[in-house]
Each structure stands twice: as structure tokens, then as C-alpha cells.
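Data file: final28.pdb. Format and content: PDB, C-alpha atoms, pLDDT in the B column.
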MODEL        1
ATOM      1  CA  MET A  46      70.734  39.969  60.156  1.00 83.00           C
ATOM      2  CA  PRO A  47      68.361  42.841  59.378  1.00 86.00           C
ATOM      3  CA  LYS A  48      64.809  42.587  60.606  1.00 90.00           C
ATOM      4  CA  THR A  49      62.172  41.651  58.025  1.00 94.00           C
ATOM      5  CA  THR A  50      58.480  42.447  58.306  1.00 97.00           C
ATOM      6  CA  PRO A  51      55.904  40.928  55.957  1.00 97.00           C
ATOM      7  CA  CYS A  52      53.621  43.575  54.447  1.00 98.00           C
ATOM      8  CA  LEU A  53      50.167  42.429  53.353  1.00 98.00           C
ATOM      9  CA  TRP A  54      48.421  44.575  50.711  1.00 98.00           C
ATOM     10  CA  PHE A  55      44.669  44.961  51.151  1.00 98.00           C
ATOM     11  CA  ASP A  56      42.220  47.178  49.312  1.00 97.00           C
ATOM     12  CA  THR A  57      40.311  48.586  52.312  1.00 97.00           C
ATOM     13  CA  THR A  58      40.263  45.913  55.051  1.00 98.00           C
ATOM     14  CA  ALA A  59      43.728  46.185  56.640  1.00 98.00           C
ATOM     15  CA  GLU A  60      42.417  47.095  60.093  1.00 98.00           C
ATOM     16  CA  GLU A  61      39.710  44.400  60.000  1.00 98.00           C
ATOM     17  CA  ALA A  62      42.297  41.803  58.946  1.00 98.00           C
ATOM     18  CA  ALA A  63      44.764  42.822  61.677  1.00 98.00           C
ATOM     19  CA  GLU A  64      41.997  42.652  64.287  1.00 98.00           C
ATOM     20  CA  PHE A  65      41.010  39.191  63.034  1.00 98.00           C
ATOM     21  CA  TYR A  66      44.567  37.810  63.019  1.00 98.00           C
ATOM     22  CA  THR A  67      45.341  39.175  66.489  1.00 98.00           C
ATOM     23  CA  SER A  68      42.171  37.464  67.778  1.00 98.00           C
ATOM     24  CA  VAL A  69      43.287  34.085  66.356  1.00 98.00           C
ATOM     25  CA  PHE A  70      46.896  33.900  67.581  1.00 97.00           C
ATOM     26  CA  PRO A  71      47.964  34.125  71.235  1.00 96.00           C
ATOM     27  CA  ASN A  72      50.300  36.860  72.483  1.00 96.00           C
ATOM     28  CA  SER A  73      49.268  39.116  69.610  1.00 98.00           C
ATOM     29  CA  LYS A  74      48.423  42.791  69.417  1.00 98.00           C
ATOM     30  CA  ILE A  75      47.901  45.795  67.209  1.00 98.00           C
ATOM     31  CA  ILE A  76      50.927  48.062  67.603  1.00 98.00           C
ATOM     32  CA  ASP A  77      50.085  51.112  65.498  1.00 98.00           C
ATOM     33  CA  ILE A  78      47.529  52.465  63.048  1.00 98.00           C
ATOM     34  CA  ALA A  79      48.563  55.125  60.520  1.00 98.00           C
ATOM     35  CA  ARG A  80      46.001  57.082  58.521  1.00 97.00           C
ATOM     36  CA  TYR A  81      46.139  58.787  55.153  1.00 96.00           C
ATOM     37  CA  GLY A  82      46.653  62.535  55.286  1.00 96.00           C
ATOM     38  CA  PRO A  83      45.426  65.173  52.851  1.00 94.00           C
ATOM     39  CA  ALA A  84      48.179  64.352  50.325  1.00 91.00           C
ATOM     40  CA  GLY A  85      47.452  60.594  50.226  1.00 83.00           C
ATOM     41  CA  HIS A  86      45.978  58.745  47.273  1.00 88.00           C
ATOM     42  CA  ARG A  87      43.127  57.487  49.465  1.00 94.00           C
ATOM     43  CA  PRO A  88      40.576  59.527  51.441  1.00 94.00           C
ATOM     44  CA  GLU A  89      42.020  61.581  54.282  1.00 95.00           C
ATOM     45  CA  GLY A  90      41.575  59.778  57.611  1.00 96.00           C
ATOM     46  CA  MET A  91      41.263  56.314  56.050  1.00 97.00           C
ATOM     47  CA  VAL A  92      43.475  53.650  57.612  1.00 98.00           C
ATOM     48  CA  MET A  93      46.675  53.490  55.577  1.00 98.00           C
ATOM     49  CA  ALA A  94      48.660  50.863  57.491  1.00 98.00           C
ATOM     50  CA  VAL A  95      48.291  48.747  60.607  1.00 98.00           C
ATOM     51  CA  THR A  96      51.374  47.378  62.333  1.00 98.00           C
ATOM     52  CA  PHE A  97      50.563  44.283  64.362  1.00 98.00           C
ATOM     53  CA  ALA A  98      52.341  41.336  65.960  1.00 98.00           C
ATOM     54  CA  LEU A  99      51.368  37.686  65.971  1.00 97.00           C
ATOM     55  CA  ASP A 100      53.153  35.993  68.865  1.00 94.00           C
ATOM     56  CA  GLY A 101      56.084  38.394  68.528  1.00 93.00           C
ATOM     57  CA  GLN A 102      56.398  38.447  64.707  1.00 96.00           C
ATOM     58  CA  GLU A 103      55.579  41.889  63.319  1.00 97.00           C
ATOM     59  CA  TYR A 104      53.469  42.384  60.204  1.00 98.00           C
ATOM     60  CA  VAL A 105      52.100  45.396  58.368  1.00 98.00           C
ATOM     61  CA  ALA A 106      48.656  45.443  56.781  1.00 98.00           C
ATOM     62  CA  LEU A 107      48.443  48.157  54.113  1.00 98.00           C
ATOM     63  CA  ASN A 108      45.289  49.562  52.520  1.00 97.00           C
ATOM     64  CA  GLY A 109      46.970  50.137  49.170  1.00 96.00           C
ATOM     65  CA  GLY A 110      44.006  49.816  46.831  1.00 96.00           C
ATOM     66  CA  PRO A 111      42.457  47.201  44.554  1.00 96.00           C
ATOM     67  CA  GLU A 112      45.441  46.849  42.201  1.00 96.00           C
ATOM     68  CA  PHE A 113      46.895  43.734  43.849  1.00 96.00           C
ATOM     69  CA  THR A 114      45.335  40.616  45.370  1.00 95.00           C
ATOM     70  CA  PHE A 115      46.691  37.621  47.247  1.00 96.00           C
ATOM     71  CA  SER A 116      47.526  34.272  45.682  1.00 95.00           C
ATOM     72  CA  GLU A 117      48.732  30.911  46.950  1.00 94.00           C
ATOM     73  CA  ALA A 118      52.226  31.851  45.749  1.00 95.00           C
ATOM     74  CA  ILE A 119      52.751  33.262  49.252  1.00 96.00           C
ATOM     75  CA  SER A 120      51.422  31.526  52.345  1.00 97.00           C
ATOM     76  CA  PHE A 121      52.041  31.498  56.079  1.00 97.00           C
ATOM     77  CA  GLN A 122      52.817  28.217  57.819  1.00 97.00           C
ATOM     78  CA  VAL A 123      51.230  27.565  61.197  1.00 98.00           C
ATOM     79  CA  HIS A 124      53.295  24.925  63.001  1.00 97.00           C
ATOM     80  CA  CYS A 125      51.093  23.077  65.467  1.00 98.00           C
ATOM     81  CA  ALA A 126      52.245  20.910  68.372  1.00 97.00           C
ATOM     82  CA  SER A 127      48.975  18.948  68.573  1.00 97.00           C
ATOM     83  CA  GLN A 128      45.779  18.062  66.767  1.00 98.00           C
ATOM     84  CA  ASP A 129      43.940  20.440  69.106  1.00 98.00           C
ATOM     85  CA  GLU A 130      46.070  23.303  67.779  1.00 98.00           C
ATOM     86  CA  VAL A 131      45.465  22.189  64.173  1.00 98.00           C
ATOM     87  CA  ASP A 132      41.720  22.094  64.858  1.00 98.00           C
ATOM     88  CA  HIS A 133      41.757  25.548  66.498  1.00 98.00           C
ATOM     89  CA  TYR A 134      43.701  27.347  63.761  1.00 98.00           C
ATOM     90  CA  TRP A 135      41.904  25.529  60.948  1.00 98.00           C
ATOM     91  CA  SER A 136      38.509  26.404  62.396  1.00 98.00           C
ATOM     92  CA  ARG A 137      39.329  30.056  63.048  1.00 98.00           C
ATOM     93  CA  LEU A 138      41.214  30.777  59.833  1.00 98.00           C
ATOM     94  CA  THR A 139      38.595  29.131  57.589  1.00 98.00           C
ATOM     95  CA  GLU A 140      35.740  31.233  59.083  1.00 98.00           C
ATOM     96  CA  GLY A 141      34.447  32.977  55.975  1.00 98.00           C
ATOM     97  CA  GLY A 142      37.314  31.534  53.934  1.00 98.00           C
ATOM     98  CA  GLU A 143      37.808  28.304  52.044  1.00 98.00           C
ATOM     99  CA  GLU A 144      39.458  24.970  52.721  1.00 98.00           C
ATOM    100  CA  GLY A 145      42.142  23.707  50.409  1.00 97.00           C
ATOM    101  CA  PRO A 146      44.037  20.428  50.090  1.00 97.00           C
ATOM    102  CA  CYS A 147      46.811  19.093  52.326  1.00 97.00           C
ATOM    103  CA  GLY A 148      46.416  21.555  55.197  1.00 98.00           C
ATOM    104  CA  TRP A 149      46.185  24.665  53.003  1.00 98.00           C
ATOM    105  CA  LEU A 150      43.400  27.202  53.360  1.00 98.00           C
ATOM    106  CA  LYS A 151      42.511  30.688  52.273  1.00 98.00           C
ATOM    107  CA  ASP A 152      41.095  32.996  54.962  1.00 98.00           C
ATOM    108  CA  ARG A 153      38.252  35.502  54.546  1.00 98.00           C
ATOM    109  CA  HIS A 154      40.757  38.117  53.348  1.00 97.00           C
ATOM    110  CA  GLY A 155      42.255  35.877  50.674  1.00 97.00           C
ATOM    111  CA  VAL A 156      45.508  35.177  52.555  1.00 98.00           C
ATOM    112  CA  SER A 157      46.793  31.589  52.231  1.00 98.00           C
ATOM    113  CA  TRP A 158      47.850  29.551  55.252  1.00 98.00           C
ATOM    114  CA  GLN A 159      49.298  26.080  55.784  1.00 98.00           C
ATOM    115  CA  VAL A 160      48.091  24.597  59.076  1.00 98.00           C
ATOM    116  CA  PHE A 161      49.912  21.413  59.968  1.00 95.00           C
ATOM    117  CA  PRO A 162      51.144  19.428  62.942  1.00 97.00           C
ATOM    118  CA  ASP A 163      54.931  19.363  63.301  1.00 96.00           C
ATOM    119  CA  GLU A 164      54.792  15.553  63.432  1.00 96.00           C
ATOM    120  CA  LEU A 165      53.625  15.519  59.806  1.00 97.00           C
ATOM    121  CA  ILE A 166      57.087  16.467  58.516  1.00 94.00           C
ATOM    122  CA  ALA A 167      58.695  13.500  60.294  1.00 95.00           C
ATOM    123  CA  LEU A 168      56.071  11.104  58.921  1.00 96.00           C
ATOM    124  CA  LEU A 169      56.471  12.367  55.363  1.00 96.00           C
ATOM    125  CA  ALA A 170      60.269  12.153  55.625  1.00 96.00           C
ATOM    126  CA  ASP A 171      60.326   8.713  57.275  1.00 95.00           C
ATOM    127  CA  PRO A 172      63.513   6.856  56.229  1.00 96.00           C
ATOM    128  CA  ASP A 173      61.355   3.853  55.304  1.00 96.00           C
ATOM    129  CA  PRO A 174      60.112   4.791  51.804  1.00 96.00           C
ATOM    130  CA  GLU A 175      56.975   2.669  52.128  1.00 97.00           C
ATOM    131  CA  ARG A 176      55.958   4.324  55.432  1.00 96.00           C
ATOM    132  CA  SER A 177      56.677   7.712  53.900  1.00 97.00           C
ATOM    133  CA  ALA A 178      54.613   6.891  50.796  1.00 97.00           C
ATOM    134  CA  ARG A 179      51.650   5.696  52.893  1.00 97.00           C
ATOM    135  CA  ALA A 180      51.788   8.864  55.023  1.00 97.00           C
ATOM    136  CA  THR A 181      52.003  11.029  51.912  1.00 97.00           C
ATOM    137  CA  ARG A 182      49.033   9.303  50.258  1.00 97.00           C
ATOM    138  CA  ALA A 183      46.966   9.783  53.416  1.00 97.00           C
ATOM    139  CA  MET A 184      47.859  13.479  53.636  1.00 97.00           C
ATOM    140  CA  LEU A 185      47.094  14.065  49.949  1.00 97.00           C
ATOM    141  CA  GLY A 186      43.514  12.896  50.531  1.00 97.00           C
ATOM    142  CA  MET A 187      42.890  15.403  53.327  1.00 98.00           C
ATOM    143  CA  LYS A 188      41.923  19.015  53.632  1.00 98.00           C
ATOM    144  CA  LYS A 189      42.531  19.631  57.354  1.00 98.00           C
ATOM    145  CA  ILE A 190      45.371  17.375  58.491  1.00 98.00           C
ATOM    146  CA  ASP A 191      44.333  14.556  60.818  1.00 98.00           C
ATOM    147  CA  ILE A 192      47.663  13.498  62.281  1.00 98.00           C
ATOM    148  CA  ALA A 193      46.298  10.298  63.878  1.00 97.00           C
ATOM    149  CA  ALA A 194      44.994   9.152  60.474  1.00 98.00           C
ATOM    150  CA  VAL A 195      48.330   9.945  58.792  1.00 98.00           C
ATOM    151  CA  ARG A 196      50.158   8.084  61.569  1.00 97.00           C
ATOM    152  CA  ARG A 197      47.839   5.047  61.175  1.00 97.00           C
ATOM    153  CA  ALA A 198      48.380   5.034  57.411  1.00 97.00           C
ATOM    154  CA  ALA A 199      52.172   5.155  57.857  1.00 96.00           C
ATOM    155  CA  GLU A 200      52.079   2.273  60.329  1.00 95.00           C
ATOM    156  CA  GLN A 201      49.930  -0.033  58.193  1.00 92.00           C
ATOM    157  CA  GLY A 202      52.230  -2.462  56.530  1.00 65.00           C
TER
ENDMDL
END
Could you rewrite the structure in this file as C-alpha cells?
Amino acid sequence: MPKTTPCLWFDTTAEEAAEFYTSVFPNSKIIDIARYGPAGHRPEGMVMAVTFALDGQEYVALNGGPEFTFSEAISFQVHCASQDEVDHYWSRLTEGGEEGPCGWLKDRHGVSWQVFPDELIALLADPDPERSARATRAMLGMKKIDIAAVRRAAEQG
């Protein structure tokens, strides 16, 4: 299968965003920074694109201009093995951003993320429809996911 690399379009903050994301996720780094030359549609020397990796997945952050902005139509899922991981990523990614419902948030750059514990999927898909419904109702009332609270709700009978 061919390699795919998500490209995130920013107005002028591509480098700042890449630096922020690589500070949040482990095993991450900035790989390359390309700058506009004299023939570019932005000022010569301005950062054009930043290639970076978050735990091995490559991304490109492009300073393309103000024409396009982010929406919740595209989001990145952060699968967390524990509540501590949920708390870490939620706290870091909401710095300067905004909390949304059901584990969704928008970071300071307007990029949408879903931060959730892997156990949540199993609780929501429980074969017992009543347990599943209780877990779903609990999750729908949350911003940051509290997996212990969702588990307790599922188990109440």
C-alpha cells in the first residue's frame, strides 16, 4: 500500500504547531523545514512546510495562507491505554484550545482531536444492550472521558 501523510494547512503557524505537537507526543520529532523562495506566494524565507513525526507517523504542516481553516469534519484519534494517558493528552491538547463533548477537543491551532481510552469502545459495544446504553449515556454527559465513571455506569443494573 502506498504511504499516506496527512497535510495540515495553516495560515502562518505551521512551525509553531509542529513544535507543539512534537512536545505532546512521545518519540516525536521535526524532520525537515522548507522555506519559501523568491518565486513563492508568501514572503521569501517564511516557513512553507514542516515535516514532522508523531510516534513514527509522518505529517506535514503547510503555511498555505488564510484561505482554509480546520473543522471537526477531520479529527485525529488518540487511543489511550489508561486514564493517566487520557488526562495527559487532554490537558496538553486543550492548552489554549477548547473542550468539546464525548472526548473531542479543538487545540490552540483549531485542529480537532478525539482523546479516549481504548476500553471505551468495548463498553459502548457491550453485547448486553442495557450495559451498552448506560455506558453511552454516561459518555454523552462528559467532555474528557472518565473511564471509571463510564465503567461504573455500565455496571449499574
message = With only C-alpha atoms as the counted atoms, please give the residues lying no more than 12 Å from A:Glu130, apart from itself and same-chain residues fewer than 2 positions off, as an MDAnalysis selection string.
response = chainID A and resid 69:71 123:128 132:138 160:163 189:192
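Across the model, the gap from atom CA of A:Thr96 to atom CA of A:Ile78 is 6.4 Å.
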ask   = Once the PyMOL selection byres ((chain A and resi 81) around 12) has been applied to the shown file, what residues remain in the selection, as a PyMOL selection string?
value = chain A and resi 78-80+82-95+107-109
ask   = Please, what distance in Å, to one decimal, runs between atom CA of A:Leu168 and atom CA of A:Thr139?
value =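 These atoms are spaced 25.1 Å apart.
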ask   = So how far away is atom CA of A:Ala106 from atom CA of A:Pro51, in Å?
value = 8.6 Å
query = Could you write out as a PyMOL selection string the residues that the PyMOL selection byres ((chain A and resi 197) around 12) matches in the shown file?
reply = chain A and resi 168+176-177+179-184+191-196+198-202
query = If you count all atoms listed in the file, which residues fall within 9 Å of A:Lys74, apart from same-chain ones fewer than 2 positions away, as a PyMOL selection string?
reply = chain A and resi 63-64+66-68+71-72+76+96-101
message = Calculated over only C-alpha atoms, which of the candidates A:Met187, A:Ser157, A:Glu175, A:Glu140 has the smallest distance to A:Phe65?
response =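 Closest candidate: A:Glu140.
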